[in-house]
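Take a look at the structure below.
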Amino acid sequence: MIPAAFEYHRPTDIASALATLREFGDEARVVAGGHSLIPMMKLRMAAIGHLIDLQDIADLKGIRIDGNTVRIGAMVTQQELIGDAALTRAAPLLRETALQIADPQVRAVGTIGGNVANGDPGNDMPAVMQCLDATFTLTGPGGTREVKARDFYEAAYVTARADEEILTAVSFTVSGGGHAYEKQKRKIGDYATAAAAVTLQKDGTVCSAASIAMTNLSDVPVWSKAAADALVGTACSHADIGNAVAAALADIAPTADNRGPVEFKRHVAGIIIRRAIERAWSRA
Amino acid sequence: MKKMQMTLTVNGEAHELLAEPRELLIHVLREKLDLTGPHIGCETSHCGACTIDMNGRSVKSCTVFAAQANGADITTIEGLGAPGALHPLQEAFREHHGLQCGFCTPGMITRAHRLLQENPNPSEEDIRFGMAGNLCRCTGYQNIVKAILAAAAEMNAVKEAAE
């Protein structure tokens, strides 16, 4: 499988990457790890005249933890997320999620920036970023702007990022409490049939705050405020969690595909969401 | 399309070569450098037969453009051992029947080599998790896991003896 010919660019700073992106417009695409884009190019489902490789841009690398604020450069790989002890102490949800993405070789190359910017409903980090109420930094010819993960996804592969912008970093505030990312997949390397990210805060015996987001259960990640509201103020009993699951299921719109019919996906989603809430609560 | 001049250090040797940007690393290794150890299995980044070591990471070379590897330091199965001087992993795969048809073996061993550097004392579970990107249609994995456990023990013993 040989992709169509393209010209290759490897800029060493964001300004030159943006200039190349602007020069070639629609024909240009940036590539991070490439493990979503390159397969599409090999299948000739993506035709790209100019490929802009971001690997040499130092400003896109690195994880910075400053008090309660975490900032992760777009080119940080899943493997680097998994291996970062300080990040795991601050936000263990990321490591738990990254370990469930693809396989070791893909995690060695695949990046958080690619995972969130691609807009594939199957990517896992978008729901995690929505769960954490993360902010994405977009840099374009006019400067830098920030977009909330919860406002970023518009449809499958359609996001708030403009063609001439690059997603340069993700950042979020650490809230502590319990967390879980639960994912059902057919096999290693597959996208989720259903997955859910949950964070919960506990005050005494009562849930004082909650956030629940889901992967691959709609054409965009789904953050369910109703599901979180169903848990806040409760002791997360079996029945309380049942109410949250029902609220979450009311917010999704799965479609039938080779992972199963809609009814099956809703069934799996119900189980996965419950497990994620139970595990997060047990850690809160 | 214009070819690009690139430098790859493969198994310790620097190579200057010309390739189109769209050429995949696996094709350059196999066809331009005659390193046919890394295999083309699924060609869709699932099976791991094309696994190589690139800048200290296990990578599926069917999903990397040679242009992206320009300047990289690469190790293939050819760089790990030689006939008559097998790497402990190769020796252990032979001893424990970690291969049958052998098609997945170069990728298995190259990945296992990196895994043992990431974690020199893996449990059986660590090995199964760490080798999850490599598929084998013959062995059922049992003997691959045994071989990697045995190689880890052997390599640790040699290291201890040297200290």
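Ordered as shown in the structure tokens, chains take letters A, B, and onward, while each chain numbers its residues from 1 and ligands are numbered from 1 in the order shown.
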
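Residues with any atom within 8 Å of Ala210 of chain A, counting only C-alpha atoms and excluding same-chain neighbours fewer than 3 positions away, are A:Val198, A:Thr199, A:Leu200, A:Gln201, A:Cys207, A:Ala228, A:Asp229, A:Leu231, A:Val232.
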
Could you tell me which residues of chain A sit within 9 Å of chain B when counting only C-alpha atoms, and give me the result as a PyMOL selection string? chain A and resi 1-8+10+33-35+38-39+42+53+55+102-106+108-109+188-189

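Around Thr139 of chain B, within 9 Å and counting only C-alpha atoms, the residues found are B:His97, B:Gly98, B:Leu99, B:Gln100, B:Cys101, B:Cys136, B:Gln142, B:Asn143, B:Ile144, once anything fewer than 3 positions away on its own chain is removed.
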
Determine which residues of segment 19-226 of chain A receive a DSSP assignment of alpha helix (DSSP H), computed from the backbone, and state them as number ranges by chain. A: 19-24, 37-42, 78-83, 85-90, 92-98, 104-109, 112-117, 125-131, 149-152, 225-226

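By only C-alpha atoms, and with residues fewer than 3 positions from Pro141 of chain A along its chain excluded, the set lying at most 12 Å from it is Ile14, Ala15, Ser16, Ala17, Leu18, Ala19, Thr20, Leu21, Arg22, Glu23, Leu138, Thr144, Arg145, Ala162, Asp163, Glu164, Glu165 and Ile166 of chain A.
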
Residues as selected, N, CA, C and O atoms, written as an mmCIF file, in the first residue's frame, can you do that?
data_model
loop_
_atom_site.group_PDB
_atom_site.id
_atom_site.type_symbol
_atom_site.label_atom_id
_atom_site.label_comp_id
_atom_site.auth_asym_id
_atom_site.auth_seq_id
_atom_site.Cartn_x
_atom_site.Cartn_y
_atom_site.Cartn_z
ATOM 1 N N ILE A 14 7.201 26.551 15.381
ATOM 2 C CA ILE A 14 5.771 26.643 15.071
ATOM 3 C C ILE A 14 5.530 27.663 13.961
ATOM 4 O O ILE A 14 4.709 27.436 13.062
ATOM 5 N N ALA A 15 6.285 28.767 13.991
ATOM 6 C CA ALA A 15 6.071 29.820 12.987
ATOM 7 C C ALA A 15 6.296 29.266 11.576
ATOM 8 O O ALA A 15 5.501 29.537 10.664
ATOM 9 N N SER A 16 7.345 28.468 11.383
ATOM 10 C CA SER A 16 7.563 27.943 10.024
ATOM 11 C C SER A 16 6.522 26.893 9.666
ATOM 12 O O SER A 16 6.126 26.789 8.505
ATOM 13 N N ALA A 17 6.077 26.124 10.644
ATOM 14 C CA ALA A 17 5.015 25.154 10.357
ATOM 15 C C ALA A 17 3.752 25.887 9.906
ATOM 16 O O ALA A 17 3.098 25.490 8.931
ATOM 17 N N LEU A 18 3.422 26.980 10.603
ATOM 18 C CA LEU A 18 2.225 27.756 10.249
ATOM 19 C C LEU A 18 2.377 28.387 8.864
ATOM 20 O O LEU A 18 1.413 28.420 8.086
ATOM 21 N N ALA A 19 3.586 28.853 8.555
ATOM 22 C CA ALA A 19 3.822 29.480 7.257
ATOM 23 C C ALA A 19 3.619 28.458 6.134
ATOM 24 O O ALA A 19 2.978 28.762 5.117
ATOM 25 N N THR A 20 4.118 27.238 6.324
ATOM 26 C CA THR A 20 3.957 26.194 5.304
ATOM 27 C C THR A 20 2.485 25.809 5.169
ATOM 28 O O THR A 20 1.972 25.618 4.070
ATOM 29 N N LEU A 21 1.824 25.722 6.313
ATOM 30 C CA LEU A 21 0.399 25.386 6.323
ATOM 31 C C LEU A 21 -0.390 26.440 5.535
ATOM 32 O O LEU A 21 -1.293 26.116 4.758
ATOM 33 N N ARG A 22 -0.011 27.682 5.726
ATOM 34 C CA ARG A 22 -0.709 28.772 5.062
ATOM 35 C C ARG A 22 -0.406 28.782 3.568
ATOM 36 O O ARG A 22 -1.311 28.973 2.743
ATOM 37 N N GLU A 23 0.874 28.535 3.252
ATOM 38 C CA GLU A 23 1.308 28.570 1.851
ATOM 39 C C GLU A 23 0.537 27.541 1.015
ATOM 40 O O GLU A 23 0.124 27.835 -0.103
ATOM 41 N N LEU A 138 -4.808 26.492 20.459
ATOM 42 C CA LEU A 138 -4.696 26.484 18.999
ATOM 43 C C LEU A 138 -3.876 27.690 18.579
ATOM 44 O O LEU A 138 -4.145 28.814 19.028
ATOM 45 N N THR A 144 -2.698 32.990 19.176
ATOM 46 C CA THR A 144 -3.088 31.794 19.913
ATOM 47 C C THR A 144 -4.470 31.997 20.523
ATOM 48 O O THR A 144 -4.788 33.080 20.995
ATOM 49 N N ARG A 145 -5.287 30.953 20.472
ATOM 50 C CA ARG A 145 -6.576 31.029 21.180
ATOM 51 C C ARG A 145 -6.811 29.714 21.894
ATOM 52 O O ARG A 145 -6.163 28.695 21.593
ATOM 53 N N ALA A 162 -9.355 25.619 12.996
ATOM 54 C CA ALA A 162 -9.381 26.085 11.604
ATOM 55 C C ALA A 162 -8.230 25.423 10.843
ATOM 56 O O ALA A 162 -7.242 25.008 11.439
ATOM 57 N N ASP A 163 -8.378 25.324 9.511
ATOM 58 C CA ASP A 163 -7.375 24.639 8.689
ATOM 59 C C ASP A 163 -5.971 25.203 8.878
ATOM 60 O O ASP A 163 -4.995 24.485 8.780
ATOM 61 N N GLU A 164 -5.894 26.514 9.110
ATOM 62 C CA GLU A 164 -4.564 27.112 9.198
ATOM 63 C C GLU A 164 -4.026 27.131 10.631
ATOM 64 O O GLU A 164 -3.004 27.733 10.904
ATOM 65 N N GLU A 165 -4.714 26.436 11.543
ATOM 66 C CA GLU A 165 -4.254 26.383 12.936
ATOM 67 C C GLU A 165 -3.629 25.030 13.269
ATOM 68 O O GLU A 165 -3.969 24.011 12.670
ATOM 69 N N ILE A 166 -2.765 25.049 14.284
ATOM 70 C CA ILE A 166 -2.178 23.825 14.828
ATOM 71 C C ILE A 166 -2.573 23.730 16.295
ATOM 72 O O ILE A 166 -2.486 24.725 17.032
#

DSSP-assigned strand (DSSP E) members of segment 5-92 of chain A, reported as a PyMOL selection string: chain A and resi 7-9+28-31+50-53+63-66+69-73

Quick one: everything within 9 Å of Arg150 of chain A, counting only C-alpha atoms, minus sequence neighbours fewer than 4 positions away in the same chain. Send it as a PyMOL selection string. chain A and resi 126-127+129-131+133-135+221-223

Write a file of the selected residues as a PDB file, in the first residue's frame, keeping N, CA and C atoms.
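The resulting file, selection12.pdb, is shown below:
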ATOM      1  N   PRO A 126     -10.214  12.448  23.655  1.00  0.00           N
ATOM      2  CA  PRO A 126     -11.209  13.531  23.647  1.00  0.00           C
ATOM      3  C   PRO A 126     -12.204  13.441  24.800  1.00  0.00           C
ATOM      4  N   ALA A 127     -12.727  12.256  25.083  1.00  0.00           N
ATOM      5  CA  ALA A 127     -13.675  12.133  26.199  1.00  0.00           C
ATOM      6  C   ALA A 127     -12.981  12.408  27.525  1.00  0.00           C
ATOM      7  N   MET A 129     -10.460  14.394  27.978  1.00  0.00           N
ATOM      8  CA  MET A 129     -10.263  15.851  28.055  1.00  0.00           C
ATOM      9  C   MET A 129     -11.577  16.554  28.414  1.00  0.00           C
ATOM     10  N   GLN A 130     -12.689  16.062  27.893  1.00  0.00           N
ATOM     11  CA  GLN A 130     -13.991  16.644  28.264  1.00  0.00           C
ATOM     12  C   GLN A 130     -14.309  16.358  29.722  1.00  0.00           C
ATOM     13  N   CYS A 131     -13.988  15.152  30.158  1.00  0.00           N
ATOM     14  CA  CYS A 131     -14.224  14.786  31.562  1.00  0.00           C
ATOM     15  C   CYS A 131     -13.455  15.734  32.474  1.00  0.00           C
ATOM     16  N   ASP A 133     -12.526  18.712  31.795  1.00  0.00           N
ATOM     17  CA  ASP A 133     -12.805  20.104  31.394  1.00  0.00           C
ATOM     18  C   ASP A 133     -11.523  20.795  30.912  1.00  0.00           C
ATOM     19  N   ALA A 134     -10.770  20.073  30.071  1.00  0.00           N
ATOM     20  CA  ALA A 134      -9.491  20.582  29.562  1.00  0.00           C
ATOM     21  C   ALA A 134      -9.704  21.673  28.526  1.00  0.00           C
ATOM     22  N   THR A 135      -8.625  22.398  28.281  1.00  0.00           N
ATOM     23  CA  THR A 135      -8.595  23.464  27.286  1.00  0.00           C
ATOM     24  C   THR A 135      -7.553  23.109  26.232  1.00  0.00           C
ATOM     25  N   PRO A 221     -17.292  12.980  21.020  1.00  0.00           N
ATOM     26  CA  PRO A 221     -17.305  12.531  22.424  1.00  0.00           C
ATOM     27  C   PRO A 221     -18.492  13.180  23.131  1.00  0.00           C
ATOM     28  N   VAL A 222     -19.021  12.494  24.136  1.00  0.00           N
ATOM     29  CA  VAL A 222     -20.222  13.004  24.816  1.00  0.00           C
ATOM     30  C   VAL A 222     -19.923  13.231  26.289  1.00  0.00           C
ATOM     31  N   TRP A 223     -20.007  14.487  26.712  1.00  0.00           N
ATOM     32  CA  TRP A 223     -19.922  14.806  28.138  1.00  0.00           C
ATOM     33  C   TRP A 223     -21.354  14.939  28.632  1.00  0.00           C
TER      34      TRP A 223
END

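Between Ser123 of chain B and the candidates B:Gly102, B:Ala152, B:Tyr141, B:Thr76, the tightest atom-to-atom separation, counting only C-alpha atoms, involves B:Ala152.
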
Pick out the residues sitting within 8 Å of segment 241-252 of chain A, and hand them over as number ranges by chain; count only C-alpha atoms, and ignore anything fewer than 6 positions along from it in its own chain. A: 217-218, 222, 224, 226-231, 266, 269-270, 273-274, 277-278

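Between atom CA of Ile74 of chain B and atom CA of Leu8 of chain B the interatomic distance comes to 7.3 Å.
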
At a cut-off of 8 Å, using only C-alpha atoms, what residues contact Gly71 of chain B? Leave out same-chain residues fewer than 4 positions from it and give the result as a short mmCIF file (atom, residue, chain, number, x, y, z; two decimals) with all heavy atoms, in the first residue's frame.
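This is the output file around_20.cif:
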data_model
loop_
_atom_site.label_atom_id
_atom_site.label_comp_id
_atom_site.auth_asym_id
_atom_site.auth_seq_id
_atom_site.Cartn_x
_atom_site.Cartn_y
_atom_site.Cartn_z
N MET B 6 18.51 11.22 2.36
CA MET B 6 18.35 11.00 3.80
C MET B 6 19.45 10.14 4.38
O MET B 6 20.15 9.41 3.67
CB MET B 6 16.97 10.45 4.12
CG MET B 6 16.55 9.22 3.38
SD MET B 6 14.84 8.79 3.80
CE MET B 6 13.92 9.81 2.67
N THR B 7 19.59 10.26 5.70
CA THR B 7 20.60 9.49 6.42
C THR B 7 19.89 8.62 7.46
O THR B 7 19.10 9.12 8.26
CB THR B 7 21.55 10.43 7.19
OG1 THR B 7 22.02 11.42 6.28
CG2 THR B 7 22.73 9.67 7.78
N LEU B 8 20.17 7.34 7.40
CA LEU B 8 19.64 6.44 8.42
C LEU B 8 20.83 5.69 9.01
O LEU B 8 21.66 5.18 8.27
CB LEU B 8 18.68 5.40 7.81
CG LEU B 8 17.44 5.88 7.08
CD1 LEU B 8 16.68 4.68 6.53
CD2 LEU B 8 16.55 6.68 8.01
N THR B 9 20.88 5.63 10.33
CA THR B 9 21.89 4.77 10.96
C THR B 9 21.18 3.47 11.31
O THR B 9 20.26 3.46 12.12
CB THR B 9 22.47 5.45 12.21
OG1 THR B 9 23.03 6.70 11.82
CG2 THR B 9 23.56 4.59 12.85
#

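Distances from B:Gly140, B:Gly79, B:Gly84, B:Gly41 to His113 of chain B were compared using only C-alpha atoms, and the smallest one belongs to B:Gly79.
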
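What separates atom CA of Pro83 of chain B from atom CA of Gln117 of chain B is a distance of 22.9 Å.
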
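Nearest residue to Thr110 of chain B, choosing from B:Leu89, B:Ala153, B:Ile26, B:Val10 and counting only C-alpha atoms: B:Leu89.
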
Of B:Gly12, B:Val145, B:Asn119, B:Val28, the one sitting nearest Ala66 of chain B when using only C-alpha atoms is B:Val28
